[in-house]
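Pasted below: input-v2.cif, mmCIF, C-alpha atoms.
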data_query
#
loop_
_atom_site.label_atom_id
_atom_site.label_comp_id
_atom_site.auth_asym_id
_atom_site.auth_seq_id
_atom_site.Cartn_x
_atom_site.Cartn_y
_atom_site.Cartn_z
CA MET A 1 0.00 0.00 0.00
CA ASN A 2 1.43 3.32 -0.96
CA LYS A 3 0.90 6.82 0.36
CA LYS A 4 -1.72 7.65 -2.27
CA ASP A 5 -3.92 4.67 -1.27
CA ILE A 6 -3.72 5.57 2.43
CA VAL A 7 -4.68 9.22 1.73
CA GLU A 8 -7.63 8.07 -0.43
CA ILE A 9 -8.93 5.66 2.25
CA MET A 10 -8.59 8.31 4.97
CA SER A 11 -10.31 10.88 2.75
CA LYS A 12 -13.33 8.58 2.23
CA LYS A 13 -13.59 7.75 5.94
CA THR A 14 -13.28 11.42 6.91
CA MET A 15 -16.03 12.34 4.43
CA LYS A 16 -18.33 9.61 5.80
CA LEU A 17 -17.63 10.65 9.38
CA ALA A 18 -18.29 14.32 8.59
CA LEU A 19 -21.54 13.45 6.81
CA LEU A 20 -22.68 11.18 9.63
CA SER A 21 -21.83 13.85 12.21
CA GLY A 22 -23.79 16.47 10.23
CA VAL A 23 -26.86 14.23 10.05
CA PHE A 24 -26.63 13.40 13.77
CA VAL A 25 -26.32 17.06 14.81
CA GLY A 26 -29.18 18.03 12.46
CA MET A 27 -31.43 15.38 13.96
CA MET A 28 -30.58 16.55 17.46
CA VAL A 29 -31.39 20.16 16.59
CA VAL A 30 -34.83 19.18 15.25
CA LEU A 31 -35.84 16.07 17.16
CA VAL A 32 -34.84 16.95 20.72
CA PRO A 33 -36.92 20.16 20.86
CA MET A 34 -39.87 18.31 19.30
CA ILE A 35 -39.60 15.55 21.87
CA ILE A 36 -39.58 18.01 24.75
CA GLU A 37 -42.32 20.07 23.03
CA GLU A 38 -40.37 23.30 22.65
CA VAL A 39 -40.97 23.52 18.93
CA ASP A 40 -44.61 22.47 18.69
CA ALA A 41 -46.96 25.41 19.06
CA ARG A 42 -49.94 24.38 21.19
CA ILE A 43 -52.96 25.83 22.88
CA ASN A 44 -54.36 24.09 25.96
CA ALA A 45 -57.89 25.50 26.22
CA LYS A 46 -60.60 25.41 28.86
CA ALA A 47 -64.01 27.13 28.77
CA THR A 48 -66.02 27.35 31.99
CA SER A 49 -69.57 28.61 32.53
CA LEU A 50 -70.66 29.84 35.96
CA ILE A 51 -74.24 30.51 34.83
CA GLY A 52 -75.32 27.17 33.42
CA PRO A 53 -74.37 24.25 31.21
CA PHE A 54 -72.94 24.71 27.73
CA SER A 55 -75.01 23.41 24.83
CA ASN A 56 -74.48 23.40 21.05
CA VAL A 57 -70.72 23.59 21.64
CA LYS A 58 -68.55 24.13 18.55
CA VAL A 59 -64.79 24.54 18.45
CA GLU A 60 -63.63 25.17 14.89
CA LEU A 61 -60.11 25.70 13.56
CA SER A 62 -59.39 27.65 10.40
CA ARG A 63 -55.64 26.98 10.85
CA GLY A 64 -53.95 24.21 12.83
CA SER A 65 -55.19 20.83 14.05
CA PHE A 66 -56.66 19.26 17.14
CA TRP A 67 -54.15 17.45 19.33
CA GLN A 68 -57.04 16.54 21.63
CA SER A 69 -60.61 16.92 20.33
CA PRO A 70 -63.04 19.11 22.27
CA SER A 71 -64.63 17.27 25.17
CA GLN A 72 -67.12 18.22 27.84
CA PRO A 73 -65.98 16.58 31.10
CA SER A 74 -68.87 18.30 32.90
CA PRO A 75 -71.87 20.28 31.61
CA ASN A 76 -70.21 23.60 32.49
CA VAL A 77 -66.69 22.83 31.19
CA VAL A 78 -65.26 22.29 27.69
CA THR A 79 -61.57 21.43 27.08
CA TRP A 80 -59.44 20.93 23.97
CA VAL A 81 -55.82 21.07 22.80
CA THR A 82 -54.68 22.38 19.41
CA TRP A 83 -51.31 22.41 17.66
CA GLY A 84 -49.87 24.16 14.63
CA GLY A 85 -49.95 21.03 12.47
CA CYS A 86 -46.53 21.45 10.86
CA PRO A 87 -44.01 18.63 11.16
CA PHE A 88 -41.46 20.99 12.71
CA GLY A 89 -43.85 23.28 14.60
CA PHE A 90 -43.92 27.09 14.34
CA CYS A 91 -47.28 27.06 12.54
CA THR A 92 -50.29 29.23 13.21
CA GLU A 93 -53.39 28.15 15.10
CA ILE A 94 -56.58 30.15 14.57
CA GLY A 95 -60.00 29.13 15.78
CA ARG A 96 -63.24 29.99 17.47
CA PHE A 97 -65.37 28.70 20.31
CA THR A 98 -69.16 29.05 20.22
CA ALA A 99 -71.77 27.73 22.64
CA ASN A 100 -75.15 28.48 24.15
CA VAL A 101 -75.49 28.95 27.91
CA GLY A 102 -79.22 29.32 28.24
CA PRO A 103 -82.43 29.41 26.22
CA GLY A 104 -83.03 32.72 24.50
CA LEU A 105 -79.61 34.12 25.43
CA PRO A 106 -77.07 35.31 22.84
CA GLU A 107 -74.43 32.79 21.86
CA VAL A 108 -70.99 32.86 23.52
CA PHE A 109 -68.47 33.61 20.73
CA VAL A 110 -64.69 33.71 21.28
CA THR A 111 -61.91 33.78 18.66
CA PHE A 112 -58.32 32.80 19.47
CA ALA A 113 -54.96 32.75 17.70
CA ASN A 114 -51.45 31.43 18.31
CA PRO A 115 -49.55 32.81 15.29
CA SER A 116 -46.12 31.65 14.19
CA SER A 117 -44.89 35.21 14.78
CA GLY A 118 -46.39 37.95 16.90
CA PRO A 119 -48.42 37.87 20.09
CA ASN A 120 -51.11 35.30 20.89
CA SER A 121 -54.61 36.76 21.13
CA CYS A 122 -58.22 36.04 21.98
CA SER A 123 -61.33 38.20 21.72
CA VAL A 124 -64.95 38.00 22.77
CA SER A 125 -67.89 39.10 20.62
CA ASP A 126 -69.32 42.33 21.92
CA HIS A 127 -73.00 41.89 22.67
CA ILE A 128 -75.38 42.83 25.43
CA ALA A 129 -76.33 39.84 27.55
CA PRO A 130 -77.09 39.08 31.18
CA TYR A 131 -73.70 37.37 31.31
CA ARG A 132 -70.12 38.41 30.69
CA THR A 133 -67.55 36.40 28.74
CA THR A 134 -63.85 36.91 29.32
CA CYS A 135 -60.87 35.25 27.67
CA HIS A 136 -57.16 35.19 28.42
CA ILE A 137 -54.36 33.51 26.47
CA THR A 138 -50.75 33.23 27.61
CA GLN A 139 -47.82 34.01 25.31
CA GLY A 140 -45.33 31.54 23.87
CA ASN A 141 -45.43 28.31 21.90
CA SER A 142 -47.27 26.38 24.59
CA ALA A 143 -50.17 28.71 25.39
CA SER A 144 -53.09 28.35 27.80
CA LEU A 145 -56.48 29.73 26.78
CA THR A 146 -59.05 30.35 29.51
CA ILE A 147 -62.64 31.33 28.72
CA ILE A 148 -65.01 32.14 31.59
CA VAL A 149 -68.72 32.98 31.36
CA THR A 150 -70.04 34.71 34.49
CA PRO A 151 -73.32 36.36 35.44
CA ARG A 152 -73.15 40.15 35.26
CA VAL A 153 -74.19 40.21 38.92
CA LEU A 154 -70.63 39.15 39.80
CA GLU A 155 -69.17 42.30 38.22
CA ASN A 156 -70.24 44.68 41.00
CA ASN A 157 -72.47 44.87 44.04
CA ASN A 158 -75.53 45.81 41.98
CA GLY A 159 -75.95 43.57 38.92
CA GLN A 160 -79.11 45.35 37.76
CA CYS A 161 -76.96 48.34 36.80
CA ASP A 162 -75.09 46.24 34.24
CA ILE A 163 -78.19 45.42 32.18
CA LEU A 164 -79.76 48.92 32.07
CA SER A 165 -78.15 49.66 28.71
CA GLN A 166 -80.46 47.04 27.14
CA PHE A 167 -83.49 49.20 27.78
CA GLY A 168 -84.39 52.26 25.74
CA GLY A 169 -85.37 55.66 27.05
CA ILE A 170 -82.54 57.74 28.45
CA GLU A 171 -84.70 59.60 31.01
CA GLN A 172 -86.16 56.38 32.36
CA THR A 173 -82.71 54.78 32.56
CA GLU A 174 -81.32 57.78 34.45
CA ILE A 175 -84.18 57.64 36.98
CA ILE A 176 -83.63 53.91 37.48
CA ARG A 177 -79.87 54.43 37.89
CA GLU A 178 -80.58 57.02 40.58
CA LYS A 179 -82.91 54.68 42.46
CA LEU A 180 -80.46 51.76 42.21
CA ARG A 181 -77.48 53.99 43.06
CA CYS A 182 -75.53 52.93 39.97
#

Translate this structure into structure tokens?
Amino acid sequence: MNKKDIVEIMSKKTMKLALLSGVFVGMMVVLVPMIIEEVDARINAKATSLIGPFSNVKVELSRGSFWQSPSQPSPNVVTWVTWGGCPFGFCTEIGRFTANVGPGLPEVFVTFANPSSGPNSCSVSDHIAPYRTTCHITQGNSASLTIIVTPRVLENNNGQCDILSQFGGIEQTEIIREKLRC
């Protein structure tokens, strides 16, 4: 065996070792974060009603997928988990939650988003009802969404004041506000 043969053998082994090392490091950069869930964007969501059971519950996603389908462990609670749906994470999740909380009452309507860039957000439809819906979503890839439906009576010491805006007649409303000390 001469010097040229030894250099050629070493060159091939070095190339294979470098290629194998590159593949191994690449897999570690992608797979380890996925295994420990740092790459997957997720939303762990929970909706709770303090005024009555949810009915006609719908959780729809326009972007993303369900990791855990919506379930109703009790009549007043709905839970679900979404994820971005991309094989390497960093994908957007956009959806909405709708449900009824009582006969003749307006529907609860909440939209939520966990974008691949920018802040996470949720918003509640603005309507007059004898209940109040609030939502809060944490920031980051693994976000928590909390939706709570409460009676307006819990907002202050005099719940009747909260529903006066539903009734017409400014003079009558002012007189009622005076009597109720709103």

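What separates atom CA of His136 of chain A from atom CA of Phe112 of chain A is a distance of 9.3 Å.
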
Counting all atoms listed in the file, which residues in segment 108-162 of chain A sit no more than 10 Å from segment 56-62 of chain A? For each one, give the nearest pair of atoms and the distance in Å, sorted by chain then residue number, as JSON lines.
{"residue": "A:Val108", "atom": "CA", "partner": "A:Val57", "partner_atom": "CA", "distance": 9.5}
{"residue": "A:Phe109", "atom": "CA", "partner": "A:Lys58", "partner_atom": "CA", "distance": 9.7}
{"residue": "A:Val110", "atom": "CA", "partner": "A:Val59", "partner_atom": "CA", "distance": 9.6}
{"residue": "A:Thr111", "atom": "CA", "partner": "A:Glu60", "partner_atom": "CA", "distance": 9.6}
{"residue": "A:Phe112", "atom": "CA", "partner": "A:Leu61", "partner_atom": "CA", "distance": 9.4}
{"residue": "A:Ala113", "atom": "CA", "partner": "A:Leu61", "partner_atom": "CA", "distance": 9.7}

As a check of understanding, name the residues that the PyMOL selection byres ((chain A and resi 50) around 12) selects in the supplied structure, as a PDB file with C-alpha atoms, in the coordinates of the input.
ATOM      1  CA  ALA A  47     -64.010  27.130  28.770  1.00  0.00           C
ATOM      2  CA  THR A  48     -66.020  27.350  31.990  1.00  0.00           C
ATOM      3  CA  SER A  49     -69.570  28.610  32.530  1.00  0.00           C
ATOM      4  CA  ILE A  51     -74.240  30.510  34.830  1.00  0.00           C
ATOM      5  CA  GLY A  52     -75.320  27.170  33.420  1.00  0.00           C
ATOM      6  CA  PRO A  53     -74.370  24.250  31.210  1.00  0.00           C
ATOM      7  CA  PHE A  54     -72.940  24.710  27.730  1.00  0.00           C
ATOM      8  CA  PRO A  75     -71.870  20.280  31.610  1.00  0.00           C
ATOM      9  CA  ASN A  76     -70.210  23.600  32.490  1.00  0.00           C
ATOM     10  CA  VAL A  77     -66.690  22.830  31.190  1.00  0.00           C
ATOM     11  CA  VAL A 101     -75.490  28.950  27.910  1.00  0.00           C
ATOM     12  CA  GLY A 102     -79.220  29.320  28.240  1.00  0.00           C
ATOM     13  CA  TYR A 131     -73.700  37.370  31.310  1.00  0.00           C
ATOM     14  CA  ARG A 132     -70.120  38.410  30.690  1.00  0.00           C
ATOM     15  CA  THR A 133     -67.550  36.400  28.740  1.00  0.00           C
ATOM     16  CA  THR A 134     -63.850  36.910  29.320  1.00  0.00           C
ATOM     17  CA  ILE A 147     -62.640  31.330  28.720  1.00  0.00           C
ATOM     18  CA  ILE A 148     -65.010  32.140  31.590  1.00  0.00           C
ATOM     19  CA  VAL A 149     -68.720  32.980  31.360  1.00  0.00           C
ATOM     20  CA  THR A 150     -70.040  34.710  34.490  1.00  0.00           C
ATOM     21  CA  PRO A 151     -73.320  36.360  35.440  1.00  0.00           C
ATOM     22  CA  ARG A 152     -73.150  40.150  35.260  1.00  0.00           C
ATOM     23  CA  VAL A 153     -74.190  40.210  38.920  1.00  0.00           C
ATOM     24  CA  LEU A 154     -70.630  39.150  39.800  1.00  0.00           C
TER      25      LEU A 154
END

Within 6 Å of Gly84 of chain A using all atoms listed in the file, minus same-chain residues under 5 positions, as a list in words = Ala41, Gly64, Cys91, Thr92 and Glu93 of chain A

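Distance-wise, atom CA of Val81 of chain A and atom CA of Arg42 of chain A end up 6.9 Å apart.
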
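Here atom CA of Glu107 of chain A is placed at a distance of 24.9 Å from atom CA of Ala143 of chain A.
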
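Of the residues listed (A:Ser116, A:Ile43, A:Asn2, A:Gln68), A:Ile43 shows the shortest atom-to-atom separation from Ser142 of chain A; distances use all atoms listed in the file.
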
With 6 Å on each side, where is the centre of the axis-aligned box around all listed atoms of segment 67-74 of chain A, and how long are its edges in Å to one decimal, as lines of an AutoDock Vina configuration file?
center_x = -61.5
center_y = 17.8
center_z = 26.1
size_x = 26.7
size_y = 14.6
size_z = 25.6

Go through A:Ile137, A:Cys122, A:Ile128, A:Leu145 and flag the residue nearest Leu105 of chain A, using only C-alpha atoms for the distances.
-> A:Ile128

Quick one: segment 93-124 of chain A with N, CA and C atoms, as a compact mmCIF listing (two decimals), in the coordinates of the input?
# COMPACT_ATOMS: atom_id res chain seq x y z
N GLU A 93 -52.11 28.74 14.70
CA GLU A 93 -53.39 28.15 15.10
C GLU A 93 -54.40 29.28 15.21
N ILE A 94 -55.50 29.16 14.50
CA ILE A 94 -56.58 30.15 14.57
C ILE A 94 -57.89 29.40 14.68
N GLY A 95 -58.73 29.82 15.61
CA GLY A 95 -60.00 29.13 15.78
C GLY A 95 -61.02 29.96 16.50
N ARG A 96 -62.18 29.32 16.73
CA ARG A 96 -63.24 29.99 17.47
C ARG A 96 -64.02 28.98 18.30
N PHE A 97 -64.55 29.48 19.40
CA PHE A 97 -65.37 28.70 20.31
C PHE A 97 -66.75 29.34 20.35
N THR A 98 -67.79 28.55 20.10
CA THR A 98 -69.16 29.05 20.22
C THR A 98 -69.96 28.06 21.05
N ALA A 99 -70.90 28.58 21.82
CA ALA A 99 -71.77 27.73 22.64
C ALA A 99 -72.95 28.55 23.14
N ASN A 100 -74.01 27.86 23.50
CA ASN A 100 -75.15 28.48 24.15
C ASN A 100 -75.04 28.20 25.64
N VAL A 101 -75.51 29.14 26.47
CA VAL A 101 -75.49 28.95 27.91
C VAL A 101 -76.88 29.02 28.52
N GLY A 102 -77.86 29.28 27.73
CA GLY A 102 -79.22 29.32 28.24
C GLY A 102 -80.20 29.61 27.11
N PRO A 103 -81.45 29.17 27.28
CA PRO A 103 -82.43 29.41 26.22
C PRO A 103 -82.72 30.90 26.05
N GLY A 104 -82.72 31.34 24.81
CA GLY A 104 -83.03 32.72 24.50
C GLY A 104 -81.89 33.71 24.73
N LEU A 105 -80.75 33.23 25.19
CA LEU A 105 -79.61 34.12 25.43
C LEU A 105 -78.72 34.15 24.20
N PRO A 106 -78.01 35.27 23.97
CA PRO A 106 -77.07 35.31 22.84
C PRO A 106 -75.98 34.25 23.00
N GLU A 107 -75.46 33.82 21.88
CA GLU A 107 -74.43 32.79 21.86
C GLU A 107 -73.09 33.34 22.36
N VAL A 108 -72.36 32.53 23.12
CA VAL A 108 -70.99 32.86 23.52
C VAL A 108 -70.13 32.68 22.28
N PHE A 109 -69.29 33.67 21.94
CA PHE A 109 -68.47 33.61 20.73
C PHE A 109 -67.10 34.16 21.04
N VAL A 110 -66.06 33.30 20.96
CA VAL A 110 -64.69 33.71 21.28
C VAL A 110 -63.78 33.26 20.13
N THR A 111 -62.92 34.16 19.65
CA THR A 111 -61.91 33.78 18.66
C THR A 111 -60.55 33.77 19.36
N PHE A 112 -59.65 32.90 18.87
CA PHE A 112 -58.32 32.80 19.47
C PHE A 112 -57.29 32.53 18.40
N ALA A 113 -56.04 32.93 18.67
CA ALA A 113 -54.96 32.75 17.70
C ALA A 113 -53.62 32.57 18.41
N ASN A 114 -52.82 31.66 17.88
CA ASN A 114 -51.45 31.43 18.31
C ASN A 114 -50.61 31.48 17.04
N PRO A 115 -50.25 32.70 16.57
CA PRO A 115 -49.55 32.81 15.29
C PRO A 115 -48.10 32.37 15.38
N SER A 116 -47.53 32.06 14.22
CA SER A 116 -46.12 31.65 14.19
C SER A 116 -45.20 32.80 14.54
N SER A 117 -45.66 34.04 14.34
CA SER A 117 -44.89 35.21 14.78
C SER A 117 -45.88 36.25 15.28
N GLY A 118 -45.50 36.96 16.31
CA GLY A 118 -46.39 37.95 16.90
C GLY A 118 -47.07 37.41 18.14
N PRO A 119 -47.81 38.27 18.83
CA PRO A 119 -48.42 37.87 20.09
C PRO A 119 -49.66 36.98 19.90
N ASN A 120 -49.90 36.10 20.86
CA ASN A 120 -51.11 35.30 20.89
C ASN A 120 -52.26 36.22 21.28
N SER A 121 -53.48 35.88 20.83
CA SER A 121 -54.61 36.76 21.13
C SER A 121 -55.90 35.97 21.24
N CYS A 122 -56.86 36.56 21.95
CA CYS A 122 -58.22 36.04 21.98
C CYS A 122 -59.15 37.23 22.13
N SER A 123 -60.36 37.11 21.59
CA SER A 123 -61.33 38.20 21.72
C SER A 123 -62.73 37.63 21.83
N VAL A 124 -63.57 38.39 22.50
CA VAL A 124 -64.95 38.00 22.77
C VAL A 124 -65.86 38.87 21.93
